[in-house]
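Structure below is structure-v1.cif: mmCIF, C-alpha atoms and all ligand atoms.
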data_final
#
loop_
_atom_site.label_atom_id
_atom_site.label_comp_id
_atom_site.auth_asym_id
_atom_site.auth_seq_id
_atom_site.Cartn_x
_atom_site.Cartn_y
_atom_site.Cartn_z
CA MET A 2 -25.50 -41.87 14.31
CA VAL A 3 -28.64 -43.87 15.10
CA ASN A 4 -31.51 -44.52 12.66
CA LEU A 5 -35.02 -44.99 13.99
CA LYS A 6 -38.66 -44.18 13.22
CA ILE A 7 -40.81 -41.67 15.11
CA ASP A 8 -44.51 -41.71 14.17
CA GLY A 9 -43.56 -43.54 10.97
CA ILE A 10 -40.95 -40.94 9.96
CA GLU A 11 -37.37 -42.14 9.42
CA VAL A 12 -34.95 -40.02 11.46
CA GLU A 13 -31.22 -40.05 12.10
CA VAL A 14 -29.84 -38.60 15.35
CA PRO A 15 -26.56 -38.79 17.28
CA LYS A 16 -26.02 -41.77 19.62
CA ASP A 17 -27.33 -41.25 23.20
CA THR A 18 -29.88 -38.61 22.13
CA MET A 19 -33.03 -38.72 24.26
CA ILE A 20 -36.27 -39.55 22.40
CA LEU A 21 -37.70 -36.12 23.31
CA LYS A 22 -34.80 -34.28 21.65
CA ALA A 23 -34.83 -36.62 18.64
CA ALA A 24 -38.53 -35.84 18.19
CA LYS A 25 -38.11 -32.10 18.73
CA ASP A 26 -35.21 -31.89 16.28
CA ASN A 27 -37.50 -33.49 13.71
CA ARG A 28 -40.41 -31.14 14.47
CA ILE A 29 -42.46 -33.74 16.33
CA ASP A 30 -44.06 -32.23 19.42
CA ILE A 31 -44.31 -34.25 22.64
CA PRO A 32 -46.00 -32.52 25.63
CA THR A 33 -43.72 -31.89 28.64
CA LEU A 34 -43.92 -30.15 32.01
CA CYS A 35 -40.97 -31.07 34.20
CA ASN A 36 -38.46 -31.02 31.35
CA LEU A 37 -36.63 -27.80 30.47
CA GLU A 38 -33.89 -27.76 27.87
CA GLY A 39 -30.52 -27.05 29.49
CA LEU A 40 -31.43 -28.69 32.82
CA ILE A 41 -30.76 -32.35 33.64
CA SER A 42 -33.94 -34.36 32.87
CA TYR A 43 -35.86 -35.59 35.88
CA GLY A 44 -38.66 -37.70 34.39
CA GLY A 45 -41.19 -36.76 37.06
CA CYS A 46 -44.38 -35.53 35.37
CA ARG A 47 -44.90 -38.53 33.01
CA LEU A 48 -46.54 -36.31 30.38
CA CYS A 49 -43.96 -37.17 27.75
CA LEU A 50 -44.64 -40.93 27.82
CA VAL A 51 -44.35 -42.63 24.42
CA GLU A 52 -44.89 -46.15 23.08
CA ILE A 53 -42.00 -48.21 21.73
CA SER A 54 -42.84 -51.03 19.35
CA GLY A 55 -42.31 -54.47 20.91
CA SER A 56 -42.90 -53.34 24.50
CA SER A 57 -46.17 -53.05 26.42
CA LYS A 58 -44.59 -50.46 28.76
CA LEU A 59 -44.70 -46.70 28.23
CA PHE A 60 -41.41 -44.79 28.32
CA PRO A 61 -40.65 -41.18 29.33
CA ALA A 62 -39.27 -39.51 26.19
CA CYS A 63 -37.15 -37.07 28.20
CA THR A 64 -35.08 -39.76 29.93
CA THR A 65 -35.11 -42.65 27.41
CA PRO A 66 -32.24 -42.67 24.90
CA VAL A 67 -32.79 -43.73 21.29
CA SER A 68 -31.49 -47.04 20.02
CA PRO A 69 -31.05 -48.35 16.46
CA GLY A 70 -34.24 -49.55 14.74
CA MET A 71 -36.58 -48.20 17.45
CA GLU A 72 -40.13 -47.53 16.30
CA ILE A 73 -41.71 -44.88 18.50
CA THR A 74 -45.30 -43.66 18.66
CA THR A 75 -45.81 -40.27 20.31
CA ASN A 76 -49.48 -39.50 19.78
CA SER A 77 -51.76 -42.59 19.89
CA ASN A 78 -55.26 -42.42 21.41
CA LYS A 79 -53.94 -44.38 24.40
CA LEU A 80 -51.23 -41.76 25.00
CA LYS A 81 -53.69 -38.89 24.56
CA GLU A 82 -55.99 -40.43 27.20
CA TYR A 83 -53.06 -41.08 29.49
CA ARG A 84 -51.89 -37.46 29.21
CA LYS A 85 -55.39 -36.14 29.90
CA MET A 86 -55.50 -38.28 33.02
CA THR A 87 -52.09 -36.97 34.14
CA ILE A 88 -53.23 -33.35 33.74
CA GLN A 89 -56.42 -34.10 35.69
CA LEU A 90 -54.38 -35.66 38.50
CA LEU A 91 -52.08 -32.62 38.64
CA LEU A 92 -55.07 -30.26 38.73
CA SER A 93 -56.71 -32.23 41.54
CA GLU A 94 -53.69 -32.64 43.82
CA ARG A 95 -53.43 -28.98 44.90
CA THR A 96 -55.44 -25.78 44.64
CA HIS A 97 -55.56 -24.67 41.01
CA ILE A 98 -58.20 -22.01 40.28
CA CYS A 99 -57.11 -20.42 37.02
CA SER A 100 -59.47 -17.43 37.15
CA VAL A 101 -57.85 -16.04 40.31
CA CYS A 102 -54.28 -17.26 39.73
CA VAL A 103 -51.34 -14.90 39.17
CA ALA A 104 -50.28 -17.11 36.26
CA ASN A 105 -53.63 -17.13 34.45
CA ASP A 106 -52.88 -17.15 30.70
CA HIS A 107 -49.15 -17.66 31.37
CA CYS A 108 -49.30 -21.15 32.89
CA GLU A 109 -47.93 -24.25 31.17
CA LEU A 110 -50.33 -26.55 33.05
CA GLN A 111 -53.33 -24.46 31.96
CA SER A 112 -52.08 -24.27 28.40
CA LEU A 113 -51.55 -28.07 28.23
CA ALA A 114 -55.03 -28.66 29.71
CA ASN A 115 -56.47 -26.47 26.94
CA GLN A 116 -54.37 -28.16 24.28
CA LEU A 117 -55.40 -31.65 25.42
CA GLY A 118 -59.07 -30.75 25.91
CA VAL A 119 -59.14 -31.11 29.70
CA ASP A 120 -61.96 -28.90 31.03
CA HIS A 121 -62.69 -30.77 34.27
CA THR A 122 -61.15 -33.40 36.51
CA ILE A 123 -62.78 -36.70 37.43
CA PHE A 124 -60.73 -36.88 40.64
CA GLU A 125 -61.77 -35.38 43.95
CA ARG A 126 -59.89 -32.13 44.34
CA ASN A 127 -57.67 -31.39 47.32
CA TRP A 128 -58.11 -27.82 48.56
CA THR A 129 -54.68 -27.58 50.12
CA LYS A 130 -53.59 -25.10 52.75
CA GLU A 131 -49.83 -25.25 52.26
CA GLU A 132 -47.65 -22.45 53.57
CA ILE A 133 -47.15 -19.39 51.36
CA ASP A 134 -43.74 -17.83 52.00
CA SER A 135 -43.62 -14.13 51.09
CA THR A 136 -40.82 -13.21 53.48
CA HIS A 137 -38.25 -12.60 50.70
CA ASP A 138 -37.89 -8.98 49.54
CA PHE A 139 -39.64 -9.71 46.25
CA LEU A 140 -39.96 -13.48 45.64
CA VAL A 141 -43.03 -15.42 46.77
CA ILE A 142 -43.70 -19.17 46.81
CA ASP A 143 -47.28 -20.40 46.95
CA ARG A 144 -46.89 -24.12 47.57
CA ASN A 145 -50.59 -24.68 46.88
CA ARG A 146 -49.90 -24.25 43.17
CA CYS A 147 -46.65 -26.25 43.05
CA ILE A 148 -46.78 -29.31 40.78
CA LEU A 149 -43.41 -30.62 42.07
CA CYS A 150 -41.72 -30.47 38.69
CA THR A 151 -38.40 -29.58 40.45
CA ARG A 152 -37.36 -27.15 37.70
CA CYS A 153 -36.68 -24.51 40.38
CA ILE A 154 -34.46 -26.90 42.36
CA ARG A 155 -32.49 -27.90 39.27
CA VAL A 156 -31.97 -24.35 37.96
CA CYS A 157 -30.88 -23.16 41.43
CA ASP A 158 -28.42 -26.04 41.71
CA GLU A 159 -27.21 -26.59 38.14
CA ILE A 160 -27.16 -23.03 36.78
CA GLU A 161 -27.00 -20.64 39.75
CA GLY A 162 -24.87 -23.18 41.62
CA VAL A 163 -26.14 -22.51 45.14
CA HIS A 164 -28.73 -25.27 45.78
CA THR A 165 -30.91 -23.13 48.02
CA LEU A 166 -34.01 -25.10 47.06
CA ASP A 167 -34.79 -28.73 47.79
CA LEU A 168 -37.66 -31.08 48.60
CA ARG A 169 -39.02 -32.06 52.01
CA LEU A 170 -41.30 -35.14 52.35
CA ARG A 171 -42.27 -37.40 49.48
CA GLY A 172 -45.03 -38.01 46.94
CA LYS A 173 -47.93 -35.58 46.84
CA ASP A 174 -46.98 -34.23 50.30
CA ALA A 175 -43.54 -33.08 49.11
CA GLN A 176 -42.75 -29.39 49.62
CA ILE A 177 -40.17 -27.05 48.13
CA ILE A 178 -37.98 -25.74 50.96
CA MET A 179 -35.19 -23.19 51.28
CA ASP A 180 -31.88 -24.24 52.87
CA MET A 181 -32.69 -26.36 55.97
CA ASP A 182 -36.42 -25.59 55.74
CA ASN A 183 -35.91 -21.91 56.61
CA GLN A 184 -38.18 -19.06 55.68
CA TRP A 185 -36.92 -17.45 52.47
CA ILE A 186 -35.80 -14.29 54.29
CA ASN A 187 -33.48 -16.39 56.46
CA SER A 188 -31.84 -18.24 53.56
CA CYS A 189 -28.11 -17.60 53.62
CA SER A 190 -27.47 -19.20 50.22
CA CYS A 191 -30.12 -17.53 48.01
CA THR A 192 -28.60 -14.94 45.68
CA SER A 193 -32.04 -13.50 44.72
CA CYS A 194 -31.21 -14.29 41.08
CA ARG A 195 -34.91 -14.92 40.16
CA LYS A 196 -34.10 -17.97 38.04
CA CYS A 197 -36.55 -20.12 40.02
CA SER A 198 -39.43 -17.75 39.25
CA ASN A 199 -38.40 -17.66 35.59
CA VAL A 200 -38.61 -21.42 35.13
CA CYS A 201 -41.65 -22.24 37.30
CA PRO A 202 -44.28 -23.49 34.82
CA VAL A 203 -47.29 -22.60 36.96
CA GLY A 204 -46.43 -19.38 38.78
CA ALA A 205 -45.98 -21.11 42.15
CA ILE A 206 -42.84 -18.98 42.50
CA TYR A 207 -43.37 -15.44 41.31
CA ILE A 208 -42.18 -11.89 41.80
CA GLU A 209 -44.41 -9.86 44.07
CA GLY A 210 -46.18 -7.06 42.25
CA GLU A 211 -44.89 -8.12 38.85
CA PRO A 212 -47.18 -9.84 36.33
CA VAL A 213 -46.11 -13.41 35.58
CA SER A 214 -46.05 -12.43 31.89
CA HIS A 215 -43.05 -10.20 32.75
CA THR A 216 -41.46 -12.72 35.09
CA LYS A 217 -41.35 -15.43 32.45
CA LYS A 218 -38.69 -14.13 30.12
CA LYS A 219 -38.90 -15.96 26.83
CA ASP A 220 -35.12 -16.17 26.49
CA ILE A 221 -34.60 -18.16 29.71
CA VAL A 222 -33.98 -21.45 27.90
CA GLU A 223 -31.32 -19.88 25.67
CA PHE A 224 -29.74 -18.33 28.76
CA ILE A 225 -29.67 -21.67 30.60
CA LYS A 226 -28.18 -23.47 27.60
CA THR A 227 -25.49 -20.79 27.18
CA ARG A 228 -24.54 -20.89 30.85
CA ARG A 229 -24.32 -24.69 30.78
CA ASN A 230 -22.09 -24.66 27.67
CA ARG A 231 -19.73 -22.20 29.35
CA LYS A 232 -19.03 -24.57 32.26
S1 LIG B 1 -33.60 -16.72 43.58
FE1 LIG B 1 -31.91 -17.88 42.59
S2 LIG B 1 -30.62 -18.53 44.31
FE2 LIG B 1 -32.59 -17.89 45.22
S3 LIG B 1 -33.79 -19.78 45.35
FE3 LIG B 1 -34.31 -18.84 43.37
S4 LIG B 1 -32.88 -19.78 41.88
FE4 LIG B 1 -32.08 -20.21 43.94
S1 LIG B 2 -42.26 -24.19 42.66
FE1 LIG B 2 -42.68 -24.20 40.44
S2 LIG B 2 -40.75 -24.85 39.48
FE2 LIG B 2 -40.63 -25.38 41.67
S3 LIG B 2 -41.32 -27.50 41.76
FE3 LIG B 2 -43.11 -26.22 42.17
S4 LIG B 2 -44.05 -25.95 40.16
FE4 LIG B 2 -42.00 -26.70 39.77
S1 LIG B 3 -41.27 -34.09 30.63
FE1 LIG B 3 -40.69 -36.16 30.65
S2 LIG B 3 -41.42 -36.88 32.53
FE2 LIG B 3 -41.86 -34.76 32.59
#
Produce structure tokens that represent the structure in this file.
Amino acid sequence: MVNLKIDGIEVEVPKDTMILKAAKDNRIDIPTLCNLEGLISYGGCRLCLVEISGSSKLFPACTTPVSPGMEITTNSNKLKEYRKMTIQLLLSERTHICSVCVANDHCELQSLANQLGVDHTIFERNWTKEEIDSTHDFLVIDRNRCILCTRCIRVCDEIEGVHTLDLRLRGKDAQIIMDMDNQWINSCSCTSCRKCSNVCPVGAIYIEGEPVSHTKKKDIVEFIKTRRNRK
């Protein structure tokens, strides 16, 4: 076991536990977007950054393991400002208009913006015109809303085991693609399992004609954890 302090509270957690899990298990909330329990952590969104005493760097809580004697701060003013900036950057990179979005009121990005008090962005907004693929029988991807969290890629690969989804290009130009950049209807690996739509935090992948509130089954995390434990 490892002993450390999170926000001044003494905690004891198993060796190799990530800071995010150590905090969660001790009822300390750290905001996340790309992380989803049961999937391998990716460390892409940088929302979960924390301070570690003795270092001037910030560390992603989802991919940094605990070590003995660590003193971690999860909620300083500096971190709050940093997180607000991150949300503003995400909102400005693609076309996010909550009032006309299928995920309005069921969007993790919107809910974090509300929680962190982000009601505008200081960055110039990109009104993107990325391709919307609605060729699948019932699944749709609107790449204009995608925040590149890669949850869909990881669930498709790690849980469904087919790796239909992947990324093309890099940085803010990256795009979710199916197979070798096929239209969804031509994908020969997709099993139509819907897991990607279940885990998408912003409704960029959704089920046509079905409200996102229905698509996002609350028990998806338990399902993913159970499937992973069975392997
Ligand atoms: S429906 Fe299932 S198999 Fe198809 S892309 Fe989504 S997660 Fe992968
Ligand atoms: S489609 Fe959704 S789950 Fe996939 S990377 Fe984009 S935002 Fe994340
Ligand atoms: S939740 Fe840790 S980097 Fe996204």
Shell around Glu38 of chain A at 10 Å using all atoms listed in the file, local window under 6 positions removed, as a list in words: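 Counting all atoms listed in the file, the residues come to Lys22, Cys63, Ile221, Val222, Glu223, Ile225 and Lys226 of chain A.
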List the neighbours of Thr74 of chain A out to 9 Å using all atoms listed in the file; skip same-chain residues closer than 6 positions along the sequence, and give me the result as a compact mmCIF listing (two decimals) with C-alpha atoms, keeping the file's coordinate frame.
# COMPACT_ATOMS: atom_id res chain seq x y z
CA LYS A 6 -38.66 -44.18 13.22
CA ILE A 7 -40.81 -41.67 15.11
CA ASP A 8 -44.51 -41.71 14.17
CA GLY A 9 -43.56 -43.54 10.97
CA VAL A 51 -44.35 -42.63 24.42
CA GLU A 52 -44.89 -46.15 23.08
CA ILE A 53 -42.00 -48.21 21.73
CA SER A 54 -42.84 -51.03 19.35
CA LEU A 80 -51.23 -41.76 25.00
Under the rule that only C-alpha atoms and all ligand atoms are counted, which of A:Thr75, A:Ser135, A:Ser42, A:Ser198 is the nearest residue to ligand LIG 3 (chain B)?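 Among A:Thr75, A:Ser135, A:Ser42, A:Ser198, it is A:Ser42 that comes nearest to ligand LIG 3 (chain B).
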Counting only C-alpha atoms, the option among A:Ile177, A:Ile10, A:Ala114, A:Val67 closest to Arg144 of chain A: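 Of A:Ile177, A:Ile10, A:Ala114, A:Val67, the one nearest Arg144 of chain A is A:Ile177, counting only C-alpha atoms.
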Counting all atoms listed in the file, give me one row per residue of chain A with an atom at most 6 Å from an atom of ligand LIG 2 (chain B), showing the shortest contact pair and its distance in Å to one decimal, sorted by chain then residue number, as JSON lines.
{"residue": "A:Cys147", "atom": "CA", "partner": "B:LIG2", "partner_atom": "FE3", "distance": 3.6}
{"residue": "A:Ile148", "atom": "CA", "partner": "B:LIG2", "partner_atom": "S4", "distance": 4.4}
{"residue": "A:Leu149", "atom": "CA", "partner": "B:LIG2", "partner_atom": "S3", "distance": 3.8}
{"residue": "A:Cys150", "atom": "CA", "partner": "B:LIG2", "partner_atom": "FE4", "distance": 3.9}
{"residue": "A:Thr151", "atom": "CA", "partner": "B:LIG2", "partner_atom": "S3", "distance": 3.8}
{"residue": "A:Arg152", "atom": "CA", "partner": "B:LIG2", "partner_atom": "S2", "distance": 4.5}
{"residue": "A:Cys153", "atom": "CA", "partner": "B:LIG2", "partner_atom": "S2", "distance": 4.2}
{"residue": "A:Val200", "atom": "CA", "partner": "B:LIG2", "partner_atom": "S2", "distance": 5.9}
{"residue": "A:Cys201", "atom": "CA", "partner": "B:LIG2", "partner_atom": "S2", "distance": 3.5}
{"residue": "A:Pro202", "atom": "CA", "partner": "B:LIG2", "partner_atom": "S4", "distance": 5.9}
{"residue": "A:Val203", "atom": "CA", "partner": "B:LIG2", "partner_atom": "S4", "distance": 5.7}
{"residue": "A:Ala205", "atom": "CA", "partner": "B:LIG2", "partner_atom": "FE1", "distance": 4.8}
{"residue": "A:Ile206", "atom": "CA", "partner": "B:LIG2", "partner_atom": "S1", "distance": 5.2}
Please return segment 157-168 of chain A, rebuilt to all heavy atoms, as a PDB file, in the coordinates of the input.
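Full text of selection_1.pdb as output:
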ATOM      1  N   CYS A 157     -31.612 -23.764  40.287  1.00  0.00           N
ATOM      2  CA  CYS A 157     -30.880 -23.160  41.430  1.00  0.00           C
ATOM      3  C   CYS A 157     -29.571 -23.913  41.654  1.00  0.00           C
ATOM      4  O   CYS A 157     -28.540 -23.305  41.933  1.00  0.00           O
ATOM      5  CB  CYS A 157     -31.783 -23.238  42.659  1.00  0.00           C
ATOM      6  SG  CYS A 157     -31.142 -22.406  44.098  1.00  0.00           S
ATOM      7  N   ASP A 158     -29.606 -25.223  41.489  1.00  0.00           N
ATOM      8  CA  ASP A 158     -28.420 -26.040  41.710  1.00  0.00           C
ATOM      9  C   ASP A 158     -27.487 -26.035  40.491  1.00  0.00           C
ATOM     10  O   ASP A 158     -26.302 -25.717  40.579  1.00  0.00           O
ATOM     11  CB  ASP A 158     -28.886 -27.482  42.012  1.00  0.00           C
ATOM     12  CG  ASP A 158     -27.713 -28.421  42.211  1.00  0.00           C
ATOM     13  OD1 ASP A 158     -26.730 -28.002  42.838  1.00  0.00           O
ATOM     14  OD2 ASP A 158     -27.776 -29.568  41.729  1.00  0.00           O
ATOM     15  N   GLU A 159     -28.064 -26.352  39.311  1.00  0.00           N
ATOM     16  CA  GLU A 159     -27.210 -26.590  38.140  1.00  0.00           C
ATOM     17  C   GLU A 159     -26.737 -25.315  37.460  1.00  0.00           C
ATOM     18  O   GLU A 159     -25.671 -25.291  36.855  1.00  0.00           O
ATOM     19  CB  GLU A 159     -27.981 -27.430  37.102  1.00  0.00           C
ATOM     20  CG  GLU A 159     -28.369 -28.809  37.609  1.00  0.00           C
ATOM     21  CD  GLU A 159     -29.370 -29.495  36.688  1.00  0.00           C
ATOM     22  OE1 GLU A 159     -29.414 -29.166  35.484  1.00  0.00           O
ATOM     23  OE2 GLU A 159     -30.123 -30.351  37.171  1.00  0.00           O
ATOM     24  N   ILE A 160     -27.530 -24.251  37.514  1.00  0.00           N
ATOM     25  CA  ILE A 160     -27.160 -23.030  36.780  1.00  0.00           C
ATOM     26  C   ILE A 160     -26.674 -21.932  37.746  1.00  0.00           C
ATOM     27  O   ILE A 160     -25.598 -21.381  37.562  1.00  0.00           O
ATOM     28  CB  ILE A 160     -28.347 -22.512  35.942  1.00  0.00           C
ATOM     29  CG1 ILE A 160     -28.882 -23.626  35.036  1.00  0.00           C
ATOM     30  CG2 ILE A 160     -27.940 -21.282  35.122  1.00  0.00           C
ATOM     31  CD1 ILE A 160     -27.896 -24.197  34.039  1.00  0.00           C
ATOM     32  N   GLU A 161     -27.448 -21.669  38.804  1.00  0.00           N
ATOM     33  CA  GLU A 161     -27.000 -20.640  39.750  1.00  0.00           C
ATOM     34  C   GLU A 161     -25.905 -21.199  40.668  1.00  0.00           C
ATOM     35  O   GLU A 161     -25.059 -20.459  41.156  1.00  0.00           O
ATOM     36  CB  GLU A 161     -28.197 -20.113  40.555  1.00  0.00           C
ATOM     37  CG  GLU A 161     -27.901 -18.946  41.473  1.00  0.00           C
ATOM     38  CD  GLU A 161     -27.380 -17.702  40.753  1.00  0.00           C
ATOM     39  OE1 GLU A 161     -27.382 -17.670  39.508  1.00  0.00           O
ATOM     40  OE2 GLU A 161     -26.941 -16.762  41.448  1.00  0.00           O
ATOM     41  N   GLY A 162     -25.951 -22.523  40.875  1.00  0.00           N
ATOM     42  CA  GLY A 162     -24.870 -23.180  41.620  1.00  0.00           C
ATOM     43  C   GLY A 162     -24.918 -23.008  43.120  1.00  0.00           C
ATOM     44  O   GLY A 162     -23.896 -23.157  43.789  1.00  0.00           O
ATOM     45  N   VAL A 163     -26.108 -22.715  43.687  1.00  0.00           N
ATOM     46  CA  VAL A 163     -26.140 -22.510  45.140  1.00  0.00           C
ATOM     47  C   VAL A 163     -26.995 -23.547  45.883  1.00  0.00           C
ATOM     48  O   VAL A 163     -26.848 -23.723  47.076  1.00  0.00           O
ATOM     49  CB  VAL A 163     -26.629 -21.085  45.490  1.00  0.00           C
ATOM     50  CG1 VAL A 163     -25.608 -20.067  45.076  1.00  0.00           C
ATOM     51  CG2 VAL A 163     -27.992 -20.782  44.887  1.00  0.00           C
ATOM     52  N   HIS A 164     -27.890 -24.217  45.182  1.00  0.00           N
ATOM     53  CA  HIS A 164     -28.730 -25.270  45.780  1.00  0.00           C
ATOM     54  C   HIS A 164     -29.470 -24.789  47.032  1.00  0.00           C
ATOM     55  O   HIS A 164     -29.468 -25.454  48.067  1.00  0.00           O
ATOM     56  CB  HIS A 164     -27.910 -26.531  46.095  1.00  0.00           C
ATOM     57  CG  HIS A 164     -28.777 -27.756  46.228  1.00  0.00           C
ATOM     58  ND1 HIS A 164     -28.641 -28.880  45.444  1.00  0.00           N
ATOM     59  CD2 HIS A 164     -29.834 -28.025  47.047  1.00  0.00           C
ATOM     60  CE1 HIS A 164     -29.547 -29.778  45.787  1.00  0.00           C
ATOM     61  NE2 HIS A 164     -30.288 -29.280  46.752  1.00  0.00           N
ATOM     62  N   THR A 165     -30.075 -23.618  46.914  1.00  0.00           N
ATOM     63  CA  THR A 165     -30.910 -23.130  48.020  1.00  0.00           C
ATOM     64  C   THR A 165     -32.154 -24.009  48.178  1.00  0.00           C
ATOM     65  O   THR A 165     -32.594 -24.297  49.283  1.00  0.00           O
ATOM     66  CB  THR A 165     -31.385 -21.682  47.707  1.00  0.00           C
ATOM     67  OG1 THR A 165     -30.230 -20.868  47.597  1.00  0.00           O
ATOM     68  CG2 THR A 165     -32.319 -21.139  48.778  1.00  0.00           C
ATOM     69  N   LEU A 166     -32.719 -24.410  47.042  1.00  0.00           N
ATOM     70  CA  LEU A 166     -34.010 -25.100  47.060  1.00  0.00           C
ATOM     71  C   LEU A 166     -33.848 -26.612  47.093  1.00  0.00           C
ATOM     72  O   LEU A 166     -32.921 -27.157  46.502  1.00  0.00           O
ATOM     73  CB  LEU A 166     -34.822 -24.698  45.816  1.00  0.00           C
ATOM     74  CG  LEU A 166     -35.043 -23.191  45.644  1.00  0.00           C
ATOM     75  CD1 LEU A 166     -35.737 -22.912  44.324  1.00  0.00           C
ATOM     76  CD2 LEU A 166     -35.859 -22.629  46.794  1.00  0.00           C
ATOM     77  N   ASP A 167     -34.776 -27.263  47.770  1.00  0.00           N
ATOM     78  CA  ASP A 167     -34.790 -28.730  47.790  1.00  0.00           C
ATOM     79  C   ASP A 167     -36.189 -29.202  48.145  1.00  0.00           C
ATOM     80  O   ASP A 167     -37.099 -28.375  48.298  1.00  0.00           O
ATOM     81  CB  ASP A 167     -33.759 -29.260  48.807  1.00  0.00           C
ATOM     82  CG  ASP A 167     -33.154 -30.576  48.317  1.00  0.00           C
ATOM     83  OD1 ASP A 167     -33.896 -31.367  47.702  1.00  0.00           O
ATOM     84  OD2 ASP A 167     -31.960 -30.799  48.542  1.00  0.00           O
ATOM     85  N   LEU A 168     -36.345 -30.514  48.279  1.00  0.00           N
ATOM     86  CA  LEU A 168     -37.660 -31.080  48.600  1.00  0.00           C
ATOM     87  C   LEU A 168     -37.678 -31.638  50.015  1.00  0.00           C
ATOM     88  O   LEU A 168     -36.714 -32.275  50.437  1.00  0.00           O
ATOM     89  CB  LEU A 168     -37.992 -32.231  47.647  1.00  0.00           C
ATOM     90  CG  LEU A 168     -38.604 -31.910  46.287  1.00  0.00           C
ATOM     91  CD1 LEU A 168     -38.867 -33.207  45.543  1.00  0.00           C
ATOM     92  CD2 LEU A 168     -39.900 -31.120  46.424  1.00  0.00           C
TER      93      LEU A 168
END
